[in-house]
Every structure is written in C-alpha cells, then in structure tokens.
Amino acid sequence: MATGRRTTIADIAARAGVSISAVSFALNGRPGVSESTRERVRQVARDLDWQPHTAARALGGAKAGSIGFVLNRPARTLGTESFFGDLISGIQLGLTGTHIGMTLLVARDAEEELETYRDWWRGHRVDGVIVIDPRRDDDRLRLLAELGMPSVVVGSHPSPAGAAPSVWIDDSDATDTVLRYLRALGHRRIAHVSGPPEFEHTALRIDRVRAFAGGDPDDRTESVPTDYSAEAGAAATRRLLSAATRPTAIVFDNDVLAVAGLGVASEMGVRVPQDVSIVSFDDSAMIRLVRPAITSLTRDTVELGQRAAVLLREQIESDAPLPSRPGPELTLSVRESTARATP
C-alpha cells in the first residue's frame, strides 16, 4: 500500500477480503455482518492505523471523542497565572481512562471565541465545551444554547434551571471571608485591585467590597480594575500607595497582581505588613515563595478542573441539562503579609 496518505475503508476492505459496505457495518457496530467478520475488520483497521474521518463520524452520529476549551485572556497573562495550568491539568485528569481528548485554543477576542464554538460544532470537532470567566450578559452561553452544544461553566453560582450547569465557587462568600478577616485585624481602609469588571466573579467581588463599607462610616473601600497583568497591578498599587490617605490593606484578584503589588510596596519603602497588609484571591507557589509570603484564599484548582470535566462528560451523555455542582471548598491561608492595622 502507498504510504503518506490516509487509510480508507476501501483499503481495509481489500486487506480483509470483504466488501466496503461490510467494513462500514463492522466499524459502526451495525448488524449485517457476522461477529467473526466484524472482529477481522476491526483487527485490520488497527493494523492499518485507520482513524475515522470527522465528517463521516458526524454523518453517522458518532462522538467526536474530544472536548473543547477556549482561553480568551491576554496572552502575556497566561504564562504567569498558575490558575490556568492547574485548571487544564484537572480537566485532563477528569478525562483519564476515557480516550477523550481536549482541544485547546487561545482566542484573541470574544468574537473569535464565538466563531470557534460555531466551527467546532459545525465540523463535529468536539462533543462539548468548558467555559470560564462567565459574564452577567454572556453571548457565549446564548450561542451554545442555540447550537445545542453541551457545555459546563466554571462560575460563581449554580446555573438557572434549564441552563448549562456550572461547577461553582461562591465569590461573594469568598470576598466576605477576606474582608471579615481584615476587619478583625482593625483594617478600615481596604482597596481591591480587581480584574475586568465584565467578568461575573469580578463583579461579584466588587459588589461585596462596596457592600462591606456601606454599614460603617469609618470604612472606606475602593476597587481598581486591571487586565490581570503584572504591569497593570503595579500601576494600580503605585497609585493607591501614593494617595494622601493610603489604604491599610489591599486585596488582589490573583497571584500575579499580588506579587506585583508587593514589589511596588518594596520599591516605595512601604513595609508589608507593618504599613499595608496584602491578600490574594488566588494561591500558588509564587505566593508562598515571595517574602513576606502572601495571605491568600486557597482552593484546589486541579480538582475544580477535574469536576468540570467529569460533569461535562456526563452532560454530553444526558438528554437534558444536569444540576450544577459545587466546586472545592475555599480556605483562608494566613501568612506573613497580613497583620493588625496600625493607628
């Protein structure tokens, strides 16, 4: 047989000594051939390293054998945020032993992400997708519902009835945990360096920061949005620490922002934690290795990804949206970057 070309069912038929239709019946599990012929055809297919054509599988109603995951974040942040590596590791762990693969794409913008979902579904490239960074008015979830494409959201709350299920971690409660701890240390001027406010989890955190200050005239809080980059985190921290009345505590939305903020405090001669306490919403090795080590909310992001992948696998096999499921528990890991507020 000629090399350098794709093996076809005609090649299998010739090697097995049966008709092309018999090969089709055997490989698609349809009646019409004996068990001995079916096994002989399958063995020949394995020997020839045959793989089914995607379009042919789609016409036959077969599964694509892959799930999709699109990352729509600035490329420069992906290499530094441990969250994504841990989440992808967890997704792969949730696919272990299933022979299901993952198709990963980094999108330049929201429109490319939408077009990717259309292309994947039309081309039978994936059987479903995991969606992160949900928005309160999310075109992606509307599109996926219109396409009938199975999906699971990694989000901040259970999905409404009938919608794509989520694996969720309560960001409102997480924010309250951090703010209550800082208040117990005597902090009343608390700043929040956030990600983009269009992300639902960021908006929830900003809302809780605002609500926290609402009940006490001595509490002053503000949220400063960024794009999650170290440069934006440093600029926001520099502005906050240059103010006439600077915060006594700063809460950062991720580990990259927090480490950048710690660097700016050192640059400006602002002592951590004596002059300002620092907390991160994300934990990572980077957070633990800097000095002082940074207090953070700790969650098992690998397990979060694993739960999302398992739920998506079940959703793909289901005829209706499954219930949402909680993600791993969050805990506050107190380290050297927080201390009582000084008068």
# chains A, B, ... in the order shown; residues from 1 in each chain; ligands from 1
>>> residues_around(residues="region 284-299 of chain A", least_positions_apart="5", cutoff="7 Å", atoms="only C-alpha atoms", output="VMD selection string")
chain A and resid 82 255 259 278 to 279 328 to 338
>>> residues_around(residues="Leu48 (chain A)", least_positions_apart="3", cutoff="7 Å", atoms="only C-alpha atoms", output="ChimeraX atom specification")
/A:7,44-45
>>> write_last_selection(atoms="C-alpha atoms", output="PDB file, in the first residue's frame")
ATOM      1  CA  THR A   7      -6.032   4.808   5.167  1.00  0.00           C
ATOM      2  CA  VAL A  44      -7.259  -4.963  10.025  1.00  0.00           C
ATOM      3  CA  ALA A  45      -8.306  -1.377  10.880  1.00  0.00           C
TER       4      ALA A  45
END
>>> closest_atom_pairs(of="region 194-231 of chain A", to="region 167-173 of chain A", cutoff="9 Å", atoms="only C-alpha atoms", output="tab-separated table")
residue	atom	partner	partner_atom	distance
A:His201	CA	A:Asp171	CA	6.1
A:Thr202	CA	A:Asp171	CA	8.3
A:Leu204	CA	A:Ser172	CA	5.8
A:Arg205	CA	A:Ser172	CA	5.9
A:Asp207	CA	A:Ser172	CA	8.2
A:Arg208	CA	A:Ser172	CA	6.2
>>> atom_distance(atom1="CA of Ser19 (chain A)", atom2="CA of Gln43 (chain A)")
15.6 Å
>>> closest_residue(among="A:Val193, A:Ala236, A:Val224, A:Ala211", to="Asn254 (chain A)", atoms="only C-alpha atoms")
A:Val193
>>> decode(residues="region 222-241 of chain A", atoms="N, CA and C atoms", output="JSON list (two decimals), in the first residue's frame")
[["chain", "number", "residue", "atom", "x", "y", "z"],
["A", 222, "GLU", "N", -12.34, 50.86, 47.95],
["A", 222, "GLU", "CA", -12.45, 51.14, 46.52],
["A", 222, "GLU", "C", -11.88, 49.97, 45.74],
["A", 223, "SER", "N", -12.42, 49.78, 44.53],
["A", 223, "SER", "CA", -11.93, 48.74, 43.63],
["A", 223, "SER", "C", -11.31, 49.39, 42.41],
["A", 224, "VAL", "N", -10.13, 48.90, 42.03],
["A", 224, "VAL", "CA", -9.41, 49.43, 40.86],
["A", 224, "VAL", "C", -9.30, 48.30, 39.84],
["A", 225, "PRO", "N", -9.96, 48.42, 38.68],
["A", 225, "PRO", "CA", -9.92, 47.35, 37.69],
["A", 225, "PRO", "C", -8.60, 47.30, 36.93],
["A", 226, "THR", "N", -8.18, 46.10, 36.54],
["A", 226, "THR", "CA", -6.98, 45.90, 35.72],
["A", 226, "THR", "C", -7.27, 44.80, 34.69],
["A", 227, "ASP", "N", -6.27, 44.49, 33.87],
["A", 227, "ASP", "CA", -6.41, 43.39, 32.90],
["A", 227, "ASP", "C", -5.71, 42.12, 33.38],
["A", 228, "TYR", "N", -5.42, 42.05, 34.67],
["A", 228, "TYR", "CA", -4.75, 40.91, 35.31],
["A", 228, "TYR", "C", -3.24, 40.90, 35.09],
["A", 229, "SER", "N", -2.70, 41.82, 34.33],
["A", 229, "SER", "CA", -1.26, 41.79, 34.06],
["A", 229, "SER", "C", -0.48, 42.36, 35.24],
["A", 230, "ALA", "N", 0.79, 41.95, 35.34],
["A", 230, "ALA", "CA", 1.66, 42.46, 36.39],
["A", 230, "ALA", "C", 1.84, 43.97, 36.26],
["A", 231, "GLU", "N", 1.94, 44.45, 35.01],
["A", 231, "GLU", "CA", 2.14, 45.89, 34.79],
["A", 231, "GLU", "C", 0.95, 46.69, 35.31],
["A", 232, "ALA", "N", -0.26, 46.22, 35.02],
["A", 232, "ALA", "CA", -1.45, 46.94, 35.49],
["A", 232, "ALA", "C", -1.57, 46.85, 37.01],
["A", 233, "GLY", "N", -1.22, 45.69, 37.58],
["A", 233, "GLY", "CA", -1.27, 45.55, 39.03],
["A", 233, "GLY", "C", -0.29, 46.48, 39.72],
["A", 234, "ALA", "N", 0.91, 46.61, 39.14],
["A", 234, "ALA", "CA", 1.91, 47.51, 39.72],
["A", 234, "ALA", "C", 1.44, 48.96, 39.65],
["A", 235, "ALA", "N", 0.87, 49.35, 38.50],
["A", 235, "ALA", "CA", 0.41, 50.73, 38.33],
["A", 235, "ALA", "C", -0.72, 51.05, 39.32],
["A", 236, "ALA", "N", -1.64, 50.12, 39.50],
["A", 236, "ALA", "CA", -2.75, 50.35, 40.43],
["A", 236, "ALA", "C", -2.23, 50.47, 41.86],
["A", 237, "THR", "N", -1.31, 49.61, 42.23],
["A", 237, "THR", "CA", -0.75, 49.66, 43.59],
["A", 237, "THR", "C", 0.02, 50.96, 43.82],
["A", 238, "ARG", "N", 0.77, 51.38, 42.82],
["A", 238, "ARG", "CA", 1.55, 52.61, 42.93],
["A", 238, "ARG", "C", 0.62, 53.81, 43.18],
["A", 239, "ARG", "N", -0.51, 53.81, 42.45],
["A", 239, "ARG", "CA", -1.46, 54.92, 42.64],
["A", 239, "ARG", "C", -2.07, 54.88, 44.03],
["A", 240, "LEU", "N", -2.44, 53.71, 44.49],
["A", 240, "LEU", "CA", -3.07, 53.59, 45.81],
["A", 240, "LEU", "C", -2.11, 54.00, 46.93],
["A", 241, "LEU", "N", -0.85, 53.58, 46.82],
["A", 241, "LEU", "CA", 0.11, 53.88, 47.89],
["A", 241, "LEU", "C", 0.65, 55.30, 47.80]]
